[in-house]
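**Q** File coords11.txt below, compact mmCIF, C-alpha atoms:
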# COMPACT_ATOMS: atom_id res chain seq x y z
CA MET A 1 9.79 6.10 -4.12
CA LYS A 2 8.27 9.24 -2.63
CA ALA A 3 5.80 11.51 -4.38
CA ARG A 4 6.92 14.93 -5.53
CA ALA A 5 5.58 17.76 -3.33
CA PHE A 6 2.04 18.83 -4.18
CA GLU A 7 -0.75 20.87 -2.72
CA TYR A 8 -3.92 19.28 -1.43
CA VAL A 9 -7.53 20.38 -1.28
CA ARG A 10 -10.70 18.56 -0.20
CA PRO A 11 -13.71 20.24 -1.81
CA GLN A 12 -17.25 19.64 -0.55
CA SER A 13 -18.98 19.39 -3.92
CA VAL A 14 -18.37 18.26 -7.49
CA GLU A 15 -18.71 21.85 -8.70
CA GLU A 16 -16.03 23.00 -6.27
CA ALA A 17 -13.76 20.14 -7.35
CA LEU A 18 -14.16 20.95 -11.06
CA ARG A 19 -13.39 24.60 -10.33
CA ALA A 20 -10.27 23.66 -8.34
CA PHE A 21 -9.05 21.64 -11.33
CA GLY A 22 -9.71 24.55 -13.68
CA ASP A 23 -7.92 26.99 -11.37
CA ALA A 24 -4.84 24.73 -11.40
CA ASP A 25 -4.58 25.12 -15.19
CA GLY A 26 -4.92 21.37 -15.57
CA ASP A 27 -1.83 20.58 -13.48
CA ALA A 28 -3.96 18.59 -11.03
CA ALA A 29 -5.33 15.12 -10.36
CA TYR A 30 -8.46 13.90 -8.61
CA ILE A 31 -7.91 11.35 -5.87
CA ALA A 32 -10.59 9.09 -4.38
CA GLY A 33 -9.35 5.65 -3.31
CA GLY A 34 -5.89 6.38 -4.66
CA GLN A 35 -4.96 2.70 -4.86
CA SER A 36 -3.44 3.15 -8.33
CA LEU A 37 -2.74 6.89 -8.19
CA VAL A 38 -0.61 6.85 -5.03
CA PRO A 39 1.89 4.30 -6.40
CA ALA A 40 1.95 6.26 -9.68
CA LEU A 41 2.85 9.37 -7.68
CA ALA A 42 5.44 7.49 -5.65
CA LEU A 43 7.04 6.21 -8.85
CA ARG A 44 6.69 9.73 -10.29
CA LEU A 45 4.83 8.45 -13.32
CA GLN A 46 2.54 11.36 -12.44
CA ALA A 47 3.48 14.54 -10.58
CA PRO A 48 0.56 16.98 -10.49
CA ALA A 49 0.96 20.26 -8.59
CA LEU A 50 -2.42 19.80 -6.93
CA LEU A 51 -4.29 16.80 -5.57
CA ILE A 52 -8.07 17.22 -5.33
CA ASP A 53 -9.55 14.77 -2.84
CA ILE A 54 -13.07 13.79 -3.96
CA ALA A 55 -13.44 10.79 -1.63
CA ARG A 56 -15.81 12.50 0.77
CA ILE A 57 -18.12 14.25 -1.69
CA GLU A 58 -21.49 12.85 -0.65
CA GLU A 59 -23.17 13.03 -4.07
CA LEU A 60 -20.47 10.85 -5.67
CA HIS A 61 -21.07 7.92 -3.36
CA GLY A 62 -23.63 5.16 -3.09
CA LEU A 63 -25.77 2.56 -4.82
CA ALA A 64 -29.36 2.99 -5.97
CA VAL A 65 -31.79 1.51 -8.47
CA VAL A 66 -33.41 4.19 -10.59
CA ARG A 67 -36.08 2.70 -12.86
CA ASP A 68 -34.30 -0.03 -14.87
CA ARG A 69 -30.77 1.10 -14.08
CA LEU A 70 -28.43 0.43 -11.16
CA ARG A 71 -26.64 3.69 -10.40
CA ILE A 72 -23.18 3.25 -8.93
CA GLY A 73 -21.74 6.48 -7.53
CA ALA A 74 -18.15 6.95 -8.65
CA THR A 75 -16.57 6.74 -5.19
CA THR A 76 -18.43 3.57 -4.18
CA ARG A 77 -15.72 1.24 -2.99
CA HIS A 78 -14.99 -2.26 -4.27
CA PHE A 79 -15.88 -3.92 -0.96
CA GLU A 80 -19.27 -2.18 -1.02
CA ILE A 81 -19.96 -3.70 -4.45
CA LEU A 82 -18.81 -7.08 -3.13
CA ASN A 83 -21.11 -6.96 -0.07
CA SER A 84 -24.12 -5.25 -1.62
CA GLU A 85 -27.41 -7.17 -1.86
CA LEU A 86 -28.65 -4.53 -4.28
CA VAL A 87 -25.77 -5.31 -6.64
CA ALA A 88 -26.25 -9.07 -6.19
CA GLU A 89 -29.86 -8.71 -7.25
CA HIS A 90 -29.54 -6.17 -10.06
CA ALA A 91 -26.02 -6.63 -11.44
CA PRO A 92 -25.00 -10.11 -10.28
CA LEU A 93 -22.13 -10.21 -12.79
CA LEU A 94 -20.41 -7.48 -10.75
CA SER A 95 -20.88 -9.45 -7.52
CA LYS A 96 -19.37 -12.47 -9.23
CA ALA A 97 -16.30 -10.50 -10.39
CA ALA A 98 -15.81 -8.49 -7.17
CA PRO A 99 -13.89 -11.14 -5.17
CA PHE A 100 -11.30 -11.18 -7.96
CA VAL A 101 -10.57 -7.44 -7.71
CA ALA A 102 -7.09 -7.09 -6.17
CA HIS A 103 -6.74 -8.04 -2.48
CA PRO A 104 -9.04 -7.31 0.50
CA ALA A 105 -7.11 -4.23 1.72
CA ILE A 106 -7.17 -2.68 -1.77
CA ARG A 107 -10.89 -3.41 -2.08
CA ASN A 108 -11.46 -1.48 1.14
CA LYS A 109 -10.21 1.76 -0.44
CA GLY A 110 -10.36 1.44 -4.24
CA THR A 111 -13.41 2.90 -5.99
CA PHE A 112 -15.58 1.75 -8.89
CA GLY A 113 -15.35 5.07 -10.71
CA GLY A 114 -11.61 5.23 -10.15
CA SER A 115 -11.17 1.81 -11.71
CA LEU A 116 -13.13 2.85 -14.81
CA ALA A 117 -11.30 6.18 -15.08
CA LEU A 118 -7.92 4.43 -14.93
CA ALA A 119 -9.13 1.97 -17.61
CA ASP A 120 -6.54 -0.68 -16.90
CA PRO A 121 -7.26 -3.42 -19.49
CA ALA A 122 -6.45 -6.03 -16.84
CA SER A 123 -9.04 -4.76 -14.33
CA GLU A 124 -12.29 -6.60 -13.66
CA PHE A 125 -14.82 -3.79 -13.20
CA PRO A 126 -14.13 -1.80 -16.41
CA THR A 127 -14.44 -5.03 -18.37
CA MET A 128 -17.68 -6.03 -16.62
CA ALA A 129 -19.10 -2.54 -17.25
CA LEU A 130 -18.36 -3.16 -20.93
CA ALA A 131 -20.06 -6.57 -20.91
CA LEU A 132 -23.10 -5.00 -19.21
CA ASP A 133 -23.51 -2.10 -21.67
CA ALA A 134 -23.12 0.46 -18.90
CA GLU A 135 -23.37 4.19 -19.38
CA VAL A 136 -20.87 6.60 -17.81
CA GLU A 137 -22.17 9.86 -16.34
CA ILE A 138 -19.42 12.43 -16.61
CA ALA A 139 -19.25 15.66 -14.62
CA SER A 140 -17.67 18.46 -16.59
CA PHE A 141 -17.23 22.20 -16.30
CA ALA A 142 -19.13 22.51 -19.57
CA GLY A 143 -22.05 20.51 -18.12
CA ASP A 144 -22.71 16.84 -17.48
CA ARG A 145 -22.76 14.34 -20.32
CA ARG A 146 -23.30 10.64 -20.72
CA VAL A 147 -21.13 8.28 -22.72
CA ALA A 148 -21.94 4.70 -23.69
CA ILE A 149 -19.29 2.37 -22.28
CA ALA A 150 -18.52 1.14 -25.81
CA ASP A 151 -17.33 4.69 -26.60
CA PHE A 152 -15.57 5.23 -23.26
CA PHE A 153 -12.41 3.10 -23.53
CA LEU A 154 -10.32 4.58 -26.35
CA GLY A 155 -6.86 3.07 -25.88
CA LEU A 156 -4.38 1.87 -23.29
CA TYR A 157 -5.27 3.88 -20.12
CA GLU A 158 -7.10 6.28 -22.43
CA THR A 159 -10.77 7.15 -21.97
CA ALA A 160 -13.35 9.63 -23.21
CA LEU A 161 -12.67 11.74 -20.09
CA GLN A 162 -11.28 15.15 -21.02
CA SER A 163 -8.86 17.03 -18.79
CA GLY A 164 -10.67 18.18 -15.65
CA GLU A 165 -13.65 15.87 -16.11
CA MET A 166 -14.59 13.22 -13.61
CA ILE A 167 -16.94 10.26 -13.50
CA ARG A 168 -19.99 11.11 -11.41
CA ALA A 169 -21.72 7.73 -11.66
CA VAL A 170 -22.05 4.60 -13.76
CA HIS A 171 -25.47 3.33 -14.84
CA ILE A 172 -26.01 -0.38 -15.46
CA PRO A 173 -29.12 -1.98 -16.99
CA VAL A 174 -30.61 -4.19 -14.28
CA ALA A 175 -30.77 -7.97 -14.60
CA THR A 176 -34.11 -9.60 -15.34
CA ALA A 177 -35.54 -13.10 -15.01
CA LYS A 178 -34.12 -13.75 -18.51
CA THR A 179 -30.56 -12.85 -17.50
CA ARG A 180 -27.80 -15.47 -17.35
CA TYR A 181 -24.25 -14.56 -16.39
CA ALA A 182 -20.83 -15.96 -15.59
CA PHE A 183 -17.39 -14.64 -14.69
CA ASP A 184 -14.00 -16.23 -14.23
CA GLU A 185 -10.35 -15.51 -14.75
CA LEU A 186 -7.11 -17.41 -14.98
CA ALA A 187 -4.30 -16.03 -12.82
CA ARG A 188 -1.05 -17.48 -11.59
CA ARG A 189 -1.79 -16.21 -8.06
CA ARG A 190 -5.13 -15.10 -6.62
CA GLY A 191 -5.46 -11.30 -6.64
CA ASP A 192 -2.68 -10.82 -9.15
CA TYR A 193 -3.39 -9.52 -12.61
CA ALA A 194 -5.08 -12.28 -14.54
CA LEU A 195 -3.52 -13.87 -17.63
CA VAL A 196 -6.99 -13.58 -19.08
CA GLY A 197 -10.48 -13.12 -17.68
CA ALA A 198 -13.99 -12.67 -19.00
CA GLY A 199 -17.54 -11.86 -18.08
CA VAL A 200 -20.64 -12.98 -19.96
CA ASN A 201 -24.06 -11.37 -19.60
CA ALA A 202 -26.82 -12.94 -21.66
CA GLU A 203 -30.57 -12.53 -22.06
CA TYR A 204 -32.37 -15.78 -22.78
CA ASP A 205 -35.62 -16.38 -24.59
CA GLY A 206 -36.46 -19.92 -23.50
CA ASP A 207 -33.32 -21.89 -24.34
CA ARG A 208 -32.26 -19.46 -27.06
CA ILE A 209 -29.81 -16.60 -26.51
CA GLU A 210 -31.60 -13.38 -27.34
CA ARG A 211 -28.77 -11.01 -26.56
CA ILE A 212 -25.27 -11.51 -25.21
CA GLY A 213 -22.43 -9.32 -23.99
CA ILE A 214 -18.98 -10.89 -23.69
CA ALA A 215 -15.99 -8.87 -22.52
CA PHE A 216 -12.42 -9.96 -21.88
CA LEU A 217 -9.72 -8.49 -19.64
CA SER A 218 -5.99 -8.74 -20.35
CA ALA A 219 -6.88 -9.44 -23.96
CA GLY A 220 -6.01 -6.16 -25.68
CA PRO A 221 -5.13 -2.49 -25.05
CA THR A 222 -8.59 -1.83 -23.57
CA PRO A 223 -11.30 -4.00 -22.06
CA MET A 224 -12.32 -6.04 -25.14
CA ARG A 225 -15.84 -6.87 -26.35
CA ALA A 226 -16.00 -10.13 -28.30
CA ARG A 227 -18.43 -8.84 -30.96
CA ARG A 228 -17.89 -11.58 -33.51
CA ALA A 229 -18.37 -14.34 -30.92
CA GLU A 230 -21.49 -12.53 -29.69
CA ALA A 231 -22.89 -12.41 -33.26
CA ILE A 232 -22.41 -16.17 -33.62
CA LEU A 233 -24.16 -16.88 -30.31
CA THR A 234 -27.03 -14.41 -30.70
CA GLY A 235 -30.24 -16.18 -31.67
CA SER A 236 -28.68 -19.60 -31.11
CA ARG A 237 -29.10 -22.45 -28.68
CA LEU A 238 -25.85 -23.46 -27.05
CA THR A 239 -24.47 -26.51 -28.83
CA LEU A 240 -20.90 -27.78 -28.86
CA GLU A 241 -20.67 -26.70 -32.50
CA ILE A 242 -21.84 -23.12 -31.79
CA ILE A 243 -19.54 -22.82 -28.77
CA ARG A 244 -16.58 -23.97 -30.86
CA GLU A 245 -17.41 -21.41 -33.54
CA ALA A 246 -17.61 -18.65 -30.91
CA GLN A 247 -14.28 -19.76 -29.44
CA GLU A 248 -12.64 -19.60 -32.87
CA ALA A 249 -14.00 -16.09 -33.44
CA LEU A 250 -11.94 -14.84 -30.49
CA ASP A 251 -8.85 -14.89 -32.74
CA VAL A 252 -10.44 -11.93 -34.54
CA ASP A 253 -12.13 -10.28 -31.55
CA LEU A 254 -9.15 -10.13 -29.22
CA ASP A 255 -5.73 -8.53 -29.49
CA PRO A 256 -3.86 -9.86 -26.47
CA PRO A 257 -0.38 -8.75 -25.47
CA GLY A 258 2.44 -11.28 -25.50
CA ASP A 259 5.63 -11.66 -23.52
CA GLU A 260 8.18 -14.40 -22.93
CA HIS A 261 6.09 -15.99 -20.16
CA THR A 262 2.73 -15.64 -21.86
CA PRO A 263 2.93 -15.57 -25.65
CA VAL A 264 -0.01 -14.21 -27.66
CA GLU A 265 -1.09 -17.69 -28.79
CA MET A 266 -1.16 -18.92 -25.17
CA ARG A 267 -3.41 -16.05 -24.11
CA LEU A 268 -5.72 -16.69 -27.07
CA HIS A 269 -5.84 -20.37 -26.16
CA LEU A 270 -6.69 -19.50 -22.54
CA ALA A 271 -9.38 -17.07 -23.74
CA ARG A 272 -10.99 -19.81 -25.85
CA VAL A 273 -10.88 -22.25 -22.93
CA LEU A 274 -12.37 -19.64 -20.61
CA LEU A 275 -15.22 -18.76 -22.99
CA GLY A 276 -16.12 -22.45 -23.30
CA ARG A 277 -16.21 -22.83 -19.53
CA LEU A 278 -18.27 -19.68 -18.99
CA LEU A 279 -20.87 -20.60 -21.62
CA GLY A 280 -21.16 -23.98 -19.93
CA ARG A 281 -21.96 -22.43 -16.56
CA LEU A 282 -24.22 -19.45 -17.24
CA GLU A 283 -26.45 -19.02 -14.20
CA ALA A 284 -29.69 -17.27 -13.40
CA ARG A 285 -30.06 -14.40 -10.96
CA PRO A 286 -30.13 -15.66 -7.35
CA MET B 1 4.25 25.97 -2.19
CA SER B 2 3.06 22.81 -0.50
CA GLY B 3 2.73 24.17 3.00
CA LYS B 4 1.83 21.83 5.78
CA ILE B 5 -1.80 21.05 6.51
CA ALA B 6 -3.40 20.60 9.92
CA VAL B 7 -4.92 17.18 10.53
CA SER B 8 -6.66 15.76 13.56
CA LEU B 9 -7.27 12.06 13.89
CA THR B 10 -7.50 9.26 16.40
CA VAL B 11 -4.56 6.87 16.52
CA ASN B 12 -4.76 3.89 18.88
CA SER B 13 -7.49 5.62 20.92
CA GLU B 14 -5.50 8.83 21.34
CA GLU B 15 -6.40 12.14 19.76
CA VAL B 16 -3.60 13.34 17.52
CA GLU B 17 -3.23 16.79 16.03
CA ALA B 18 -0.40 17.47 13.63
CA PHE B 19 0.79 19.50 10.67
CA VAL B 20 1.77 17.31 7.74
CA ALA B 21 3.14 17.92 4.26
CA PRO B 22 0.58 16.60 1.72
CA ARG B 23 3.15 14.22 0.21
CA THR B 24 3.73 12.42 3.53
CA THR B 25 2.18 8.95 3.39
CA LEU B 26 0.23 7.64 6.34
CA ALA B 27 2.93 4.98 6.80
CA ASP B 28 5.68 7.61 7.10
CA PHE B 29 3.51 9.77 9.34
CA LEU B 30 2.92 6.87 11.74
CA ARG B 31 6.54 5.73 11.74
CA GLN B 32 8.39 9.04 11.72
CA ASP B 33 6.06 11.59 13.30
CA LEU B 34 4.36 9.32 15.84
CA GLN B 35 7.22 6.83 16.27
CA LEU B 36 4.79 3.94 15.74
CA THR B 37 7.31 1.75 13.94
CA GLY B 38 5.26 -1.43 14.19
CA THR B 39 3.75 -0.46 10.83
CA HIS B 40 6.43 -1.53 8.38
CA ALA B 41 7.23 0.20 5.10
CA GLY B 42 8.11 -2.52 2.59
CA CYS B 43 7.38 -2.07 -1.09
CA GLU B 44 5.64 1.30 -0.62
CA MET B 45 3.39 0.52 -3.59
CA GLY B 46 0.61 -1.59 -2.14
CA VAL B 47 1.98 -5.00 -3.03
CA CYS B 48 3.61 -6.51 0.07
CA GLY B 49 1.05 -5.73 2.80
CA ALA B 50 3.63 -5.00 5.53
CA CYS B 51 2.13 -1.54 6.15
CA LEU B 52 -1.46 -2.58 6.79
CA VAL B 53 -3.29 -0.60 9.46
CA LEU B 54 -6.96 -0.31 10.34
CA ILE B 55 -8.85 2.77 9.21
CA ASP B 56 -12.33 2.85 10.70
CA ASP B 57 -11.77 -0.85 11.54
CA GLN B 58 -10.88 -1.93 7.99
CA PRO B 59 -7.42 -3.12 6.91
CA VAL B 60 -5.85 -0.72 4.40
CA HIS B 61 -2.35 0.01 3.11
CA ALA B 62 -0.78 2.92 5.01
CA CYS B 63 1.63 3.36 2.06
CA LEU B 64 -1.26 3.96 -0.36
CA MET B 65 -2.66 6.93 1.50
CA PHE B 66 -1.41 10.35 2.37
CA ALA B 67 -1.77 11.42 5.98
CA VAL B 68 -3.88 14.42 4.90
CA GLN B 69 -6.52 12.01 3.58
CA VAL B 70 -7.19 10.47 7.00
CA ASP B 71 -8.07 13.75 8.72
CA GLY B 72 -10.92 12.90 11.11
CA CYS B 73 -10.48 9.12 10.79
CA VAL B 74 -9.91 6.48 13.44
CA ILE B 75 -6.61 4.66 12.89
CA GLU B 76 -5.38 1.59 14.70
CA THR B 77 -1.94 0.09 14.25
CA VAL B 78 -0.51 -3.21 15.43
CA GLU B 79 0.61 -1.41 18.61
CA GLY B 80 -3.00 -0.41 19.33
CA LEU B 81 -4.33 -3.92 18.70
CA THR B 82 -1.62 -5.31 20.98
CA SER B 83 -2.18 -2.89 23.86
CA ARG B 84 -5.94 -3.42 23.97
CA ASP B 85 -5.47 -7.21 23.96
CA ALA B 86 -7.41 -7.59 20.71
CA ILE B 87 -4.96 -10.10 19.22
CA THR B 88 -3.19 -11.64 22.24
CA ASP B 89 -4.45 -15.14 21.36
CA LEU B 90 -3.44 -14.63 17.73
CA GLN B 91 0.06 -13.48 18.70
CA LYS B 92 0.40 -16.48 21.02
CA ALA B 93 -0.63 -18.80 18.17
CA PHE B 94 1.92 -17.12 15.84
CA HIS B 95 4.61 -17.64 18.49
CA GLU B 96 3.74 -21.26 19.23
CA ARG B 97 3.38 -22.24 15.60
CA ASN B 98 6.58 -20.39 14.56
CA ALA B 99 4.54 -18.31 12.13
CA LEU B 100 7.32 -15.80 11.73
CA GLN B 101 11.02 -15.92 11.08
CA CYS B 102 12.42 -12.47 10.29
CA GLY B 103 9.14 -10.89 11.39
CA PHE B 104 9.06 -8.07 8.83
CA CYS B 105 5.69 -9.11 7.41
CA THR B 106 4.16 -9.96 10.80
CA PRO B 107 2.44 -6.64 11.63
CA GLY B 108 0.66 -6.71 8.27
CA MET B 109 -0.20 -10.40 8.70
CA LEU B 110 -1.68 -9.66 12.13
CA VAL B 111 -3.77 -6.77 10.81
CA SER B 112 -5.07 -8.93 7.93
CA ALA B 113 -5.77 -11.74 10.39
CA TYR B 114 -7.61 -9.30 12.64
CA GLY B 115 -9.78 -8.44 9.62
CA ILE B 116 -10.51 -12.15 9.09
CA LEU B 117 -11.25 -12.73 12.79
CA SER B 118 -13.55 -9.74 13.10
CA SER B 119 -15.60 -10.68 10.01
CA GLY B 120 -17.73 -12.86 12.28
CA LYS B 121 -17.41 -15.81 9.89
CA VAL B 122 -15.55 -19.07 10.34
CA PRO B 123 -13.40 -19.14 7.21
CA SER B 124 -12.02 -22.28 5.64
CA ARG B 125 -8.29 -22.72 5.19
CA GLU B 126 -8.75 -21.79 1.54
CA GLU B 127 -10.57 -18.59 2.50
CA ILE B 128 -7.82 -17.67 4.96
CA ARG B 129 -5.23 -18.12 2.23
CA ASP B 130 -7.32 -15.98 -0.09
CA ALA B 131 -7.69 -13.22 2.53
CA LEU B 132 -3.89 -13.24 2.98
CA SER B 133 -3.19 -13.04 -0.75
CA GLY B 134 -2.09 -9.41 -0.39
CA ASN B 135 0.51 -10.16 2.31
CA TYR B 136 3.98 -11.29 1.29
CA CYS B 137 6.11 -13.46 3.54
CA ARG B 138 9.53 -14.39 2.17
CA CYS B 139 10.49 -16.70 5.05
CA THR B 140 7.82 -19.09 6.23
CA GLY B 141 6.12 -20.36 3.10
CA TYR B 142 2.82 -19.27 4.70
CA GLU B 143 1.76 -22.69 6.05
CA ALA B 144 2.54 -21.81 9.68
CA ILE B 145 0.81 -18.43 9.33
CA VAL B 146 -2.36 -20.04 7.99
CA ASP B 147 -2.12 -22.66 10.77
CA ALA B 148 -1.90 -19.96 13.47
CA ILE B 149 -4.87 -18.02 12.10
CA GLU B 150 -6.90 -21.19 11.61
CA ARG B 151 -6.18 -22.22 15.21
CA THR B 152 -7.23 -18.81 16.55
CA VAL B 153 -10.41 -18.83 14.46
CA GLY B 154 -11.26 -22.28 15.86
CA GLU B 155 -10.47 -21.35 19.46
CA ARG B 156 -12.57 -18.22 19.31
CA TRP B 157 -15.44 -20.09 17.71
CA ARG B 158 -15.32 -22.82 20.37
CA ALA B 159 -15.18 -20.21 23.13
CA LYS B 160 -18.22 -18.49 21.63
CA VAL B 161 -20.18 -21.74 21.39
CA ALA B 162 -19.26 -22.65 24.99
CA GLU B 163 -20.38 -19.20 26.13
CA GLU B 164 -23.71 -19.52 24.32
CA GLU B 165 -24.32 -22.95 25.84
CA ALA B 166 -23.45 -21.79 29.36
Let me see the file written as structure tokens.

**A**
Amino acid sequence: MKARAFEYVRPQSVEEALRAFGDADGDAAYIAGGQSLVPALALRLQAPALLIDIARIEELHGLAVVRDRLRIGATTRHFEILNSELVAEHAPLLSKAAPFVAHPAIRNKGTFGGSLALADPASEFPTMALALDAEVEIASFAGDRRVAIADFFLGLYETALQSGEMIRAVHIPVATAKTRYAFDELARRRGDYALVGAGVNAEYDGDRIERIGIAFLSAGPTPMRARRAEAILTGSRLTLEIIREAQEALDVDLDPPGDEHTPVEMRLHLARVLLGRLLGRLEARP
Amino acid sequence: MSGKIAVSLTVNSEEVEAFVAPRTTLADFLRQDLQLTGTHAGCEMGVCGACLVLIDDQPVHACLMFAVQVDGCVIETVEGLTSRDAITDLQKAFHERNALQCGFCTPGMLVSAYGILSSGKVPSREEIRDALSGNYCRCTGYEAIVDAIERTVGERWRAKVAEEEA
């Protein structure tokens, strides 16, 4: 339960960090909050020769609204998201999900970018980023690039990040007066991984849904968008009939894991129940 | 490879300078290098909460950090909180309410409770339980721990109100 020996550097800039990774011939890992990486090192699931500490690189940190996007610097910590008035105003779905992210002590260290880079399908923030149609700004030795969140999660713990790349920031379209949102999850114990969870982010035109993003956690190998359910709801008014149709579509949209305690059919059932509840309690921006 | 790295930090109001191997966790550094064994190493993977310490006044897991990462930071352990009388009332409430049996989880519980008490809010019982969700206790069943924290929250709040009225 102790990490293998490694070397440690704390660069001052993203450029310096990228170079350090390159110089290590790829046998390196970036560390920011380290709330998932440190246990992985202790369990020796990972054993890089070099740890590159990016937690104190100024340009990676902070929250700002730039035109119609909320920019979340990669090393912005979970508790900062939870307590931010800027986030509450411009990405209220994230504020709603934040209290469900792990436990308070983990939220004090864990980072938003780190959570997305790990891409745990049971995590709240990657899934909310998917529901919100975020864009990921990636710093790379070959130059920065941007990837739509829909193209970012490729498989279980697999993302569009290439070796040596890091997330610089995440950009989220800001909420408007037309936005309605809801988040909830079902867990056996608060702070534990949820059996299933979901976030909904909708744009309303009067009482009609103009656009809707629905994403589920713990419902497949990656954070899962419920595209078929979204298609049924788009352009509709919420009626019991439409909600039931959307719930049924989840059988196609989701691909949940099963085990002896939580069989696949149970998770699908819980996902349908959750979607019904969330659609029934969509709320406007505070 | 992996030579030791110089770090300088503040631990319980004292300046500390040391050379540490990068793989040494903050929990091991506190316990083995500084002999501050009040911070307990339980699961060593961020689940049980026995190793909680304050970094820059926020509860964090000392097992989920390497000592090299806290270079320049201000650390406070349960020993520091105890010696500056920051949690004397809380410890008394734990004692009186029998909020510990084996005591292994207690330092982490106290650090979490310190976080709750210093938030400036008056949390409900439900909120206290939620804030303790990352601390395991295998003896008490938690009720007495929540009672002790709730009592301390109430006493501090009443003292504050009395002070404002005076």

**Q** For Pro257 in chain A, list every protein, DNA or RNA residue within 12 Å, evaluated using only C-alpha atoms, and leave out those in the same chain fewer than 4 positions away; present the list as a count of residues only.

**A** 19

**Q** Compile the residues of chain A that lie within 9 Å of chain B, evaluated using only C-alpha atoms, and express the compilation as a PyMOL selection string.

**A** chain A and resi 1-8+10+33-40+42-43+49-51+53+55+102-109+189-192

**Q** Expressed in Å to a single decimal, how great is the separation between CA of Arg228 in chain A and CA of Glu248 in chain A?

**A**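 So the answer is 9.6 Å.
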
**Q** Residues within 9 Å of range 87-104 of chain B, please, as a PyMOL selection string. Count all atoms listed in the file; anything in the same chain fewer than 3 positions from it doesn't count.

**A** chain B and resi 40+42+50+81-84+107-108+110+113-114+137-140+142-149+151-153+155-156

**Q** So the first atom is CA of Ile172 in chain A and the second is CA of Val136 in chain A; what is the distance between them in Å, to one decimal place?

**A**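 Atom-to-atom, CA of Ile172 in chain A and CA of Val136 in chain A are spaced 9.0 Å apart.
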
**Q** Please report the interatomic distance between CA of Gln162 in chain A and CA of Glu58 in chain A in Å with one decimal.

**A**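 Distance between the two atoms: 22.9 Å.
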
**Q** Once N, CA and C atoms are restored for range 22-34 of chain B, what would the output be as a PDB file, keeping the file's coordinate frame?

**A**
ATOM      1  N   PRO B  22       1.521  17.464   2.464  1.00  0.00           N
ATOM      2  CA  PRO B  22       0.580  16.600   1.720  1.00  0.00           C
ATOM      3  C   PRO B  22       1.233  15.329   1.169  1.00  0.00           C
ATOM      4  N   ARG B  23       2.523  15.389   0.831  1.00  0.00           N
ATOM      5  CA  ARG B  23       3.150  14.220   0.210  1.00  0.00           C
ATOM      6  C   ARG B  23       3.526  13.140   1.225  1.00  0.00           C
ATOM      7  N   THR B  24       3.376  13.412   2.518  1.00  0.00           N
ATOM      8  CA  THR B  24       3.730  12.420   3.530  1.00  0.00           C
ATOM      9  C   THR B  24       2.693  11.304   3.556  1.00  0.00           C
ATOM     10  N   THR B  25       3.140  10.067   3.352  1.00  0.00           N
ATOM     11  CA  THR B  25       2.180   8.950   3.390  1.00  0.00           C
ATOM     12  C   THR B  25       1.778   8.694   4.843  1.00  0.00           C
ATOM     13  N   LEU B  26       0.664   8.012   4.997  1.00  0.00           N
ATOM     14  CA  LEU B  26       0.230   7.640   6.340  1.00  0.00           C
ATOM     15  C   LEU B  26       1.277   6.754   7.006  1.00  0.00           C
ATOM     16  N   ALA B  27       1.910   5.862   6.230  1.00  0.00           N
ATOM     17  CA  ALA B  27       2.930   4.980   6.800  1.00  0.00           C
ATOM     18  C   ALA B  27       4.096   5.800   7.371  1.00  0.00           C
ATOM     19  N   ASP B  28       4.575   6.778   6.614  1.00  0.00           N
ATOM     20  CA  ASP B  28       5.680   7.610   7.100  1.00  0.00           C
ATOM     21  C   ASP B  28       5.254   8.464   8.281  1.00  0.00           C
ATOM     22  N   PHE B  29       4.026   8.961   8.231  1.00  0.00           N
ATOM     23  CA  PHE B  29       3.510   9.770   9.340  1.00  0.00           C
ATOM     24  C   PHE B  29       3.491   8.948  10.638  1.00  0.00           C
ATOM     25  N   LEU B  30       2.985   7.723  10.549  1.00  0.00           N
ATOM     26  CA  LEU B  30       2.920   6.870  11.740  1.00  0.00           C
ATOM     27  C   LEU B  30       4.311   6.532  12.256  1.00  0.00           C
ATOM     28  N   ARG B  31       5.203   6.193  11.339  1.00  0.00           N
ATOM     29  CA  ARG B  31       6.540   5.730  11.740  1.00  0.00           C
ATOM     30  C   ARG B  31       7.429   6.875  12.203  1.00  0.00           C
ATOM     31  N   GLN B  32       7.413   7.991  11.447  1.00  0.00           N
ATOM     32  CA  GLN B  32       8.390   9.040  11.720  1.00  0.00           C
ATOM     33  C   GLN B  32       7.862  10.126  12.653  1.00  0.00           C
ATOM     34  N   ASP B  33       6.604  10.527  12.448  1.00  0.00           N
ATOM     35  CA  ASP B  33       6.060  11.590  13.300  1.00  0.00           C
ATOM     36  C   ASP B  33       5.571  11.043  14.631  1.00  0.00           C
ATOM     37  N   LEU B  34       4.930   9.864  14.597  1.00  0.00           N
ATOM     38  CA  LEU B  34       4.360   9.320  15.840  1.00  0.00           C
ATOM     39  C   LEU B  34       5.223   8.211  16.448  1.00  0.00           C
TER      40      LEU B  34
END
